[in-house]
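J.: Structure file run_5.txt, compact mmCIF, C-alpha atoms, is pasted below:
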# COMPACT_ATOMS: atom_id res chain seq x y z
CA MET Q 1 109.07 78.46 76.46
CA VAL Q 2 110.23 79.89 79.77
CA SER Q 3 113.91 80.81 80.01
CA SER Q 4 116.05 79.59 82.91
CA GLU Q 5 116.79 83.19 83.99
CA TYR Q 6 113.08 83.93 84.02
CA GLU Q 7 112.42 80.75 86.01
CA ARG Q 8 115.12 81.73 88.51
CA ARG Q 9 113.53 85.13 89.09
CA ILE Q 10 110.05 83.64 89.36
CA ALA Q 11 111.29 80.95 91.76
CA ALA Q 12 112.43 83.75 94.08
CA ARG Q 13 108.92 85.20 93.91
CA PHE Q 14 107.49 81.76 94.64
CA ALA Q 15 109.66 81.52 97.75
CA THR Q 16 108.22 84.82 98.97
CA PHE Q 17 104.75 83.31 98.99
CA ASP Q 18 105.85 79.94 100.39
CA GLN Q 19 106.14 81.37 103.90
CA ASP Q 20 106.63 78.01 105.62
CA GLY Q 21 109.10 76.67 103.03
CA ASN Q 22 107.25 73.39 102.44
CA GLY Q 23 107.52 73.60 98.64
CA TYR Q 24 104.04 74.82 97.81
CA ILE Q 25 101.80 77.81 98.40
CA ASP Q 26 98.57 77.25 100.27
CA ARG Q 27 96.08 79.10 102.44
CA GLU Q 28 98.26 78.59 105.51
CA ASP Q 29 101.05 80.63 103.91
CA PHE Q 30 98.69 83.59 103.58
CA TYR Q 31 97.35 83.13 107.11
CA GLY Q 32 100.91 82.74 108.42
CA ALA Q 33 101.85 86.06 106.83
CA ALA Q 34 98.83 87.72 108.44
CA LYS Q 35 99.61 86.20 111.83
CA ALA Q 36 103.24 87.35 111.63
CA LEU Q 37 102.22 90.91 110.73
CA LEU Q 38 99.73 91.08 113.57
CA ALA Q 39 102.37 89.86 116.02
CA GLU Q 40 104.97 92.32 114.69
CA PHE Q 41 102.65 95.29 115.20
CA ALA Q 42 100.95 93.95 118.36
CA VAL Q 43 97.49 93.99 116.77
CA ALA Q 44 94.91 91.50 118.03
CA ALA Q 45 93.56 89.01 115.49
CA ARG Q 46 90.01 89.68 116.70
CA SER Q 47 90.32 93.44 116.24
CA ASP Q 48 88.86 95.16 113.19
CA LYS Q 49 92.36 95.51 111.71
CA GLY Q 50 93.15 91.88 112.45
CA GLN Q 51 89.93 90.63 110.90
CA ALA Q 52 90.50 92.82 107.84
CA LEU Q 53 94.01 91.40 107.44
CA TYR Q 54 92.80 87.80 107.67
CA GLY Q 55 89.98 88.64 105.25
CA GLY Q 56 92.51 90.16 102.86
CA ALA Q 57 94.74 87.09 103.20
CA GLU Q 58 91.80 84.82 102.37
CA ALA Q 59 90.83 86.95 99.36
CA PHE Q 60 94.43 86.95 98.14
CA TRP Q 61 94.65 83.17 98.54
CA GLN Q 62 91.34 82.61 96.74
CA GLY Q 63 92.40 84.85 93.87
CA MET Q 64 95.79 83.20 93.55
CA ALA Q 65 94.33 79.68 93.78
CA GLY Q 66 91.72 80.58 91.19
CA ILE Q 67 94.35 81.41 88.61
CA ALA Q 68 97.16 79.03 89.59
CA ASP Q 69 95.89 75.85 91.26
CA ARG Q 70 95.51 73.88 88.03
CA ASP Q 71 94.72 70.53 89.66
CA GLY Q 72 92.39 71.90 92.35
CA ASP Q 73 94.27 70.37 95.29
CA GLN Q 74 94.32 73.67 97.26
CA ARG Q 75 98.10 73.91 96.85
CA ILE Q 76 100.13 75.79 94.27
CA THR Q 77 103.33 74.02 93.35
CA ARG Q 78 106.37 75.83 92.01
CA GLU Q 79 105.57 74.43 88.56
CA GLU Q 80 101.97 75.68 88.71
CA PHE Q 81 103.25 79.07 89.84
CA VAL Q 82 105.95 79.37 87.16
CA HIS Q 83 104.03 77.95 84.23
CA GLY Q 84 100.47 78.87 85.06
CA ALA Q 85 99.89 81.77 87.38
CA VAL Q 86 102.81 83.88 86.31
CA LYS Q 87 101.93 83.74 82.64
CA ARG Q 88 98.40 84.84 83.39
CA LEU Q 89 99.57 87.50 85.83
CA ARG Q 90 102.25 88.72 83.44
CA ASP Q 91 99.61 89.06 80.75
CA ASN Q 92 97.39 91.09 83.09
CA PRO Q 93 99.33 92.76 85.96
CA ALA Q 94 96.31 94.87 86.88
CA ARG Q 95 94.42 91.67 87.74
CA PHE Q 96 97.20 90.64 90.11
CA ALA Q 97 97.09 94.06 91.75
CA GLU Q 98 93.36 93.66 92.33
CA ILE Q 99 93.83 90.19 93.81
CA ALA Q 100 96.47 91.52 96.20
CA ARG Q 101 94.78 94.85 97.03
CA PRO Q 102 92.63 93.73 100.02
CA PHE Q 103 95.64 92.15 101.74
CA LEU Q 104 97.96 95.05 100.94
CA HIS Q 105 95.38 97.59 102.13
CA ALA Q 106 94.91 95.73 105.41
CA ALA Q 107 98.67 95.21 105.88
CA LEU Q 108 99.27 98.94 105.45
CA ASP Q 109 96.48 99.64 107.92
CA VAL Q 110 98.09 97.34 110.49
CA ALA Q 111 101.49 98.99 109.93
CA ASP Q 112 100.05 102.52 110.09
CA THR Q 113 100.54 102.97 113.81
CA ASP Q 114 99.61 106.66 113.88
CA GLY Q 115 96.42 106.18 111.85
CA ASP Q 116 97.15 108.80 109.20
CA GLY Q 117 96.35 106.53 106.26
CA SER Q 118 99.91 105.65 105.26
CA ALA Q 119 102.89 103.86 106.72
CA THR Q 120 106.31 105.32 107.44
CA LEU Q 121 109.35 103.90 105.67
CA GLU Q 122 110.34 102.20 108.93
CA GLU Q 123 106.89 100.61 109.25
CA VAL Q 124 107.01 99.39 105.64
CA ALA Q 125 110.49 97.95 106.22
CA ARG Q 126 109.12 96.12 109.28
CA VAL Q 127 106.32 94.64 107.15
CA LEU Q 128 108.73 93.48 104.47
CA THR Q 129 111.14 92.01 107.02
CA CYS Q 130 108.27 90.26 108.75
CA LEU Q 131 107.28 88.72 105.40
CA GLY Q 132 110.78 87.35 104.87
CA ALA Q 133 112.87 90.06 103.22
CA PRO Q 134 116.36 90.57 104.63
CA GLU Q 135 116.48 93.80 106.67
CA ASP Q 136 118.78 95.66 104.25
CA VAL Q 137 116.61 94.70 101.28
CA ALA Q 138 113.46 95.68 103.18
CA ARG Q 139 114.86 99.14 103.96
CA THR Q 140 115.93 99.70 100.35
CA ALA Q 141 112.57 98.51 99.03
CA ALA Q 142 110.66 100.70 101.49
CA GLY Q 143 112.60 103.73 100.28
CA ALA Q 144 111.94 102.82 96.66
CA LEU Q 145 108.20 102.60 97.37
CA ASP Q 146 108.12 106.22 98.52
CA ALA Q 147 107.57 107.59 95.02
CA ASP Q 148 106.73 111.13 96.15
CA GLU Q 149 109.54 111.14 98.74
CA ASP Q 150 107.31 112.27 101.60
CA GLY Q 151 108.61 109.62 103.99
CA LYS Q 152 105.30 107.73 103.82
CA VAL Q 153 103.96 104.90 101.71
CA GLY Q 154 100.30 104.49 100.86
CA GLU Q 155 98.17 102.07 98.91
CA PRO Q 156 98.53 103.99 95.60
CA GLU Q 157 102.30 103.41 95.81
CA VAL Q 158 102.29 99.85 97.13
CA VAL Q 159 99.75 98.09 94.93
CA PRO Q 160 101.32 98.86 91.52
CA ALA Q 161 104.84 98.23 92.87
CA PHE Q 162 103.73 94.86 94.27
CA ALA Q 163 102.23 93.88 90.92
CA ARG Q 164 105.40 94.94 89.08
CA TYR Q 165 107.59 92.90 91.41
CA PHE Q 166 105.56 89.72 91.04
CA THR Q 167 104.78 90.03 87.34
CA VAL Q 168 108.38 89.83 86.20
CA PRO Q 169 108.78 90.39 82.46
CA GLU Q 170 110.32 87.45 80.63
Give the structure from the file, written as structure tokens.
T.:
Amino acid sequence: MVSSEYERRIAARFATFDQDGNGYIDREDFYGAAKALLAEFAVAARSDKGQALYGGAEAFWQGMAGIADRDGDQRITREEFVHGAVKRLRDNPARFAEIARPFLHAALDVADTDGDGSATLEEVARVLTCLGAPEDVARTAAGALDADEDGKVGEPEVVPAFARYFTVPE
């Protein structure tokens, strides 16, 4: 049985995915996140980076739908997320990281304005704010992602942290 504290924490994670706030997660939430990131960093959707981000969003959606959309209606309700996807993701966080990796890789590439293969803490904070995190939380989270304290965040730091955040232990 899922505890109410656990459900509260998972509901917050659900809200992160439900970008448009309509009560369910669907493909448009993933595309909306991609569109917002491209606008934030002034990257054209038809560019290589833009296409990679939309491709990553689609892959992320397909992976999430494959493990959570129990009734096959192309929407993940809060209940499906809490009782279905999260249990499976909690049991195998590495799987979640692999589902998210193409989107995270492409998002970092969009944010990496100097092309050095990683994003600055400011760029990461912009990504997180763009995806709905309050600015103060985004700045704190960006700093926490910089495990080696070099002022940059790369895929090896982001992917496991993302999986840990969304695969909340009960």
J.: If you count all atoms listed in the file, which residues fall within 10 Å of Glu123 of chain Q, apart from same-chain ones fewer than 6 positions away, as an NGL selection string?
T.: :Q and (41 or 108 or 110-113 or 129 or 139 or 142 or 152-153)
J.: Select, from Q:Ile10, Q:Ala163, Q:Glu149, Q:Ile25, the residue with the minimum atom-to-atom distance to Val82 of chain Q, counting all atoms listed in the file.
T.: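 Selected residue with least distance to Val82 of chain Q: Q:Ile10.
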J.: Using all atoms listed in the file, which of the listed residues (Q:Gln51, Q:Gly115, Q:Arg70, Q:Leu131) sits closest to Ala15 of chain Q?
T.: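 Checking each of Q:Gln51, Q:Gly115, Q:Arg70, Q:Leu131 against Ala15 of chain Q, counting all atoms listed in the file, the winner is Q:Leu131.
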J.: Interatomic distance between atom CA of Ala138 of chain Q and atom CA of Ala125 of chain Q?
T.: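 Those two atoms sit 4.8 Å apart.
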J.: Extract, using all atoms listed in the file, all DNA, RNA and protein residues at most 12 Å from Asp146 of chain Q, discarding same-chain residues fewer than 4 positions from it, and format them as an mmCIF file with C-alpha atoms, in the coordinates of the input.
T.:
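That gives us around-v8.cif:
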data_model
loop_
_atom_site.group_PDB
_atom_site.id
_atom_site.type_symbol
_atom_site.label_atom_id
_atom_site.label_comp_id
_atom_site.auth_asym_id
_atom_site.auth_seq_id
_atom_site.Cartn_x
_atom_site.Cartn_y
_atom_site.Cartn_z
ATOM 1 C CA SER Q 118 99.910 105.650 105.260
ATOM 2 C CA ALA Q 119 102.890 103.860 106.720
ATOM 3 C CA THR Q 120 106.310 105.320 107.440
ATOM 4 C CA LEU Q 121 109.350 103.900 105.670
ATOM 5 C CA GLU Q 122 110.340 102.200 108.930
ATOM 6 C CA VAL Q 124 107.010 99.390 105.640
ATOM 7 C CA ALA Q 125 110.490 97.950 106.220
ATOM 8 C CA ARG Q 139 114.860 99.140 103.960
ATOM 9 C CA THR Q 140 115.930 99.700 100.350
ATOM 10 C CA ALA Q 141 112.570 98.510 99.030
ATOM 11 C CA ALA Q 142 110.660 100.700 101.490
ATOM 12 C CA ASP Q 150 107.310 112.270 101.600
ATOM 13 C CA GLY Q 151 108.610 109.620 103.990
ATOM 14 C CA LYS Q 152 105.300 107.730 103.820
ATOM 15 C CA VAL Q 153 103.960 104.900 101.710
ATOM 16 C CA GLY Q 154 100.300 104.490 100.860
ATOM 17 C CA GLU Q 155 98.170 102.070 98.910
ATOM 18 C CA PRO Q 156 98.530 103.990 95.600
ATOM 19 C CA GLU Q 157 102.300 103.410 95.810
ATOM 20 C CA VAL Q 158 102.290 99.850 97.130
ATOM 21 C CA ALA Q 161 104.840 98.230 92.870
#
J.: I'd like the contact shell of Ala44 of chain Q - 12 Å cut-off, only C-alpha atoms, skipping same-chain residues fewer than 6 positions apart - returned as a list in words.
T.: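 Contacts, with the query itself left out: Ala34, Lys35, Ala36, Leu37, Leu38, Gly50, Gln51, Ala52, Leu53, Tyr54 and Val110 of chain Q.
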J.: Around all of segment 149-158 of chain Q's listed atoms, make the axis-aligned box with 5 Å on each side and tell me centre and edge lengths in Å to one decimal, as AutoDock Vina command-line options.
T.:
--center_x 103.9 --center_y 106.1 --center_z 99.8 --size_x 21.4 --size_y 22.4 --size_z 18.4
J.: Generate the missing atoms of segment 5-16 of chain Q up to all heavy atoms and report them as an mmCIF file, keeping the file's coordinate frame.
T.:
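What landed in result_6.cif:
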data_model
loop_
_atom_site.group_PDB
_atom_site.id
_atom_site.type_symbol
_atom_site.label_atom_id
_atom_site.label_comp_id
_atom_site.auth_asym_id
_atom_site.auth_seq_id
_atom_site.Cartn_x
_atom_site.Cartn_y
_atom_site.Cartn_z
ATOM 1 N N GLU Q 5 116.660 81.961 83.216
ATOM 2 C CA GLU Q 5 116.790 83.190 83.990
ATOM 3 C C GLU Q 5 115.423 83.643 84.498
ATOM 4 O O GLU Q 5 115.272 84.030 85.655
ATOM 5 C CB GLU Q 5 117.442 84.293 83.154
ATOM 6 C CG GLU Q 5 117.473 85.654 83.824
ATOM 7 C CD GLU Q 5 118.259 85.707 85.131
ATOM 8 O OE1 GLU Q 5 119.054 84.796 85.413
ATOM 9 O OE2 GLU Q 5 118.051 86.666 85.890
ATOM 10 N N TYR Q 6 114.438 83.571 83.628
ATOM 11 C CA TYR Q 6 113.080 83.930 84.020
ATOM 12 C C TYR Q 6 112.599 83.002 85.147
ATOM 13 O O TYR Q 6 112.063 83.452 86.150
ATOM 14 C CB TYR Q 6 112.155 83.835 82.808
ATOM 15 C CG TYR Q 6 110.716 84.149 83.111
ATOM 16 C CD1 TYR Q 6 110.304 85.451 83.360
ATOM 17 C CD2 TYR Q 6 109.758 83.139 83.140
ATOM 18 C CE1 TYR Q 6 108.985 85.746 83.642
ATOM 19 C CE2 TYR Q 6 108.437 83.425 83.422
ATOM 20 C CZ TYR Q 6 108.057 84.729 83.671
ATOM 21 O OH TYR Q 6 106.754 85.016 83.953
ATOM 22 N N GLU Q 7 112.824 81.706 84.976
ATOM 23 C CA GLU Q 7 112.420 80.750 86.010
ATOM 24 C C GLU Q 7 113.114 81.030 87.332
ATOM 25 O O GLU Q 7 112.507 80.917 88.394
ATOM 26 C CB GLU Q 7 112.694 79.310 85.562
ATOM 27 C CG GLU Q 7 111.671 78.798 84.596
ATOM 28 C CD GLU Q 7 111.729 77.297 84.436
ATOM 29 O OE1 GLU Q 7 112.154 76.603 85.384
ATOM 30 O OE2 GLU Q 7 111.330 76.821 83.366
ATOM 31 N N ARG Q 8 114.384 81.418 87.291
ATOM 32 C CA ARG Q 8 115.120 81.730 88.510
ATOM 33 C C ARG Q 8 114.479 82.912 89.234
ATOM 34 O O ARG Q 8 114.266 82.867 90.440
ATOM 35 C CB ARG Q 8 116.585 82.037 88.192
ATOM 36 C CG ARG Q 8 117.429 82.286 89.440
ATOM 37 C CD ARG Q 8 118.793 82.854 89.107
ATOM 38 N NE ARG Q 8 118.734 84.180 88.502
ATOM 39 C CZ ARG Q 8 118.428 85.315 89.159
ATOM 40 N NH1 ARG Q 8 118.125 85.278 90.428
ATOM 41 N NH2 ARG Q 8 118.412 86.470 88.532
ATOM 42 N N ARG Q 9 114.145 83.955 88.480
ATOM 43 C CA ARG Q 9 113.530 85.130 89.090
ATOM 44 C C ARG Q 9 112.141 84.795 89.652
ATOM 45 O O ARG Q 9 111.776 85.235 90.747
ATOM 46 C CB ARG Q 9 113.433 86.279 88.087
ATOM 47 C CG ARG Q 9 114.807 86.883 87.778
ATOM 48 C CD ARG Q 9 114.701 88.032 86.832
ATOM 49 N NE ARG Q 9 114.273 87.508 85.533
ATOM 50 C CZ ARG Q 9 113.867 88.262 84.525
ATOM 51 N NH1 ARG Q 9 113.800 89.560 84.640
ATOM 52 N NH2 ARG Q 9 113.511 87.714 83.384
ATOM 53 N N ILE Q 10 111.387 84.013 88.903
ATOM 54 C CA ILE Q 10 110.050 83.640 89.360
ATOM 55 C C ILE Q 10 110.134 82.708 90.572
ATOM 56 O O ILE Q 10 109.331 82.805 91.498
ATOM 57 C CB ILE Q 10 109.244 82.997 88.213
ATOM 58 C CG1 ILE Q 10 108.918 84.064 87.176
ATOM 59 C CG2 ILE Q 10 107.977 82.344 88.720
ATOM 60 C CD1 ILE Q 10 108.231 85.294 87.721
ATOM 61 N N ALA Q 11 111.120 81.833 90.605
ATOM 62 C CA ALA Q 11 111.290 80.950 91.760
ATOM 63 C C ALA Q 11 111.512 81.761 93.029
ATOM 64 O O ALA Q 11 111.011 81.406 94.100
ATOM 65 C CB ALA Q 11 112.447 79.983 91.526
ATOM 66 N N ALA Q 12 112.233 82.870 92.919
ATOM 67 C CA ALA Q 12 112.430 83.750 94.080
ATOM 68 C C ALA Q 12 111.095 84.331 94.518
ATOM 69 O O ALA Q 12 110.831 84.465 95.719
ATOM 70 C CB ALA Q 12 113.422 84.848 93.759
ATOM 71 N N ARG Q 13 110.239 84.676 93.574
ATOM 72 C CA ARG Q 13 108.920 85.200 93.910
ATOM 73 C C ARG Q 13 108.083 84.111 94.572
ATOM 74 O O ARG Q 13 107.369 84.359 95.531
ATOM 75 C CB ARG Q 13 108.180 85.711 92.676
ATOM 76 C CG ARG Q 13 108.598 86.962 91.963
ATOM 77 C CD ARG Q 13 109.768 87.705 92.445
ATOM 78 N NE ARG Q 13 110.033 88.890 91.640
ATOM 79 C CZ ARG Q 13 111.239 89.240 91.243
ATOM 80 N NH1 ARG Q 13 112.300 88.511 91.546
ATOM 81 N NH2 ARG Q 13 111.409 90.351 90.545
ATOM 82 N N PHE Q 14 108.194 82.889 94.049
ATOM 83 C CA PHE Q 14 107.490 81.760 94.640
ATOM 84 C C PHE Q 14 107.878 81.598 96.115
ATOM 85 O O PHE Q 14 107.023 81.433 96.982
ATOM 86 C CB PHE Q 14 107.800 80.470 93.867
ATOM 87 C CG PHE Q 14 107.185 79.241 94.472
ATOM 88 C CD1 PHE Q 14 105.873 78.897 94.180
ATOM 89 C CD2 PHE Q 14 107.909 78.426 95.323
ATOM 90 C CE1 PHE Q 14 105.290 77.764 94.737
ATOM 91 C CE2 PHE Q 14 107.337 77.294 95.882
ATOM 92 C CZ PHE Q 14 106.027 76.968 95.588
ATOM 93 N N ALA Q 15 109.169 81.679 96.386
ATOM 94 C CA ALA Q 15 109.660 81.520 97.750
ATOM 95 C C ALA Q 15 109.091 82.584 98.685
ATOM 96 O O ALA Q 15 108.876 82.325 99.876
ATOM 97 C CB ALA Q 15 111.185 81.547 97.773
ATOM 98 N N THR Q 16 108.821 83.760 98.165
ATOM 99 C CA THR Q 16 108.220 84.820 98.970
ATOM 100 C C THR Q 16 106.839 84.415 99.457
ATOM 101 O O THR Q 16 106.477 84.676 100.603
ATOM 102 C CB THR Q 16 108.120 86.122 98.146
ATOM 103 O OG1 THR Q 16 109.430 86.492 97.725
ATOM 104 C CG2 THR Q 16 107.513 87.241 98.954
#
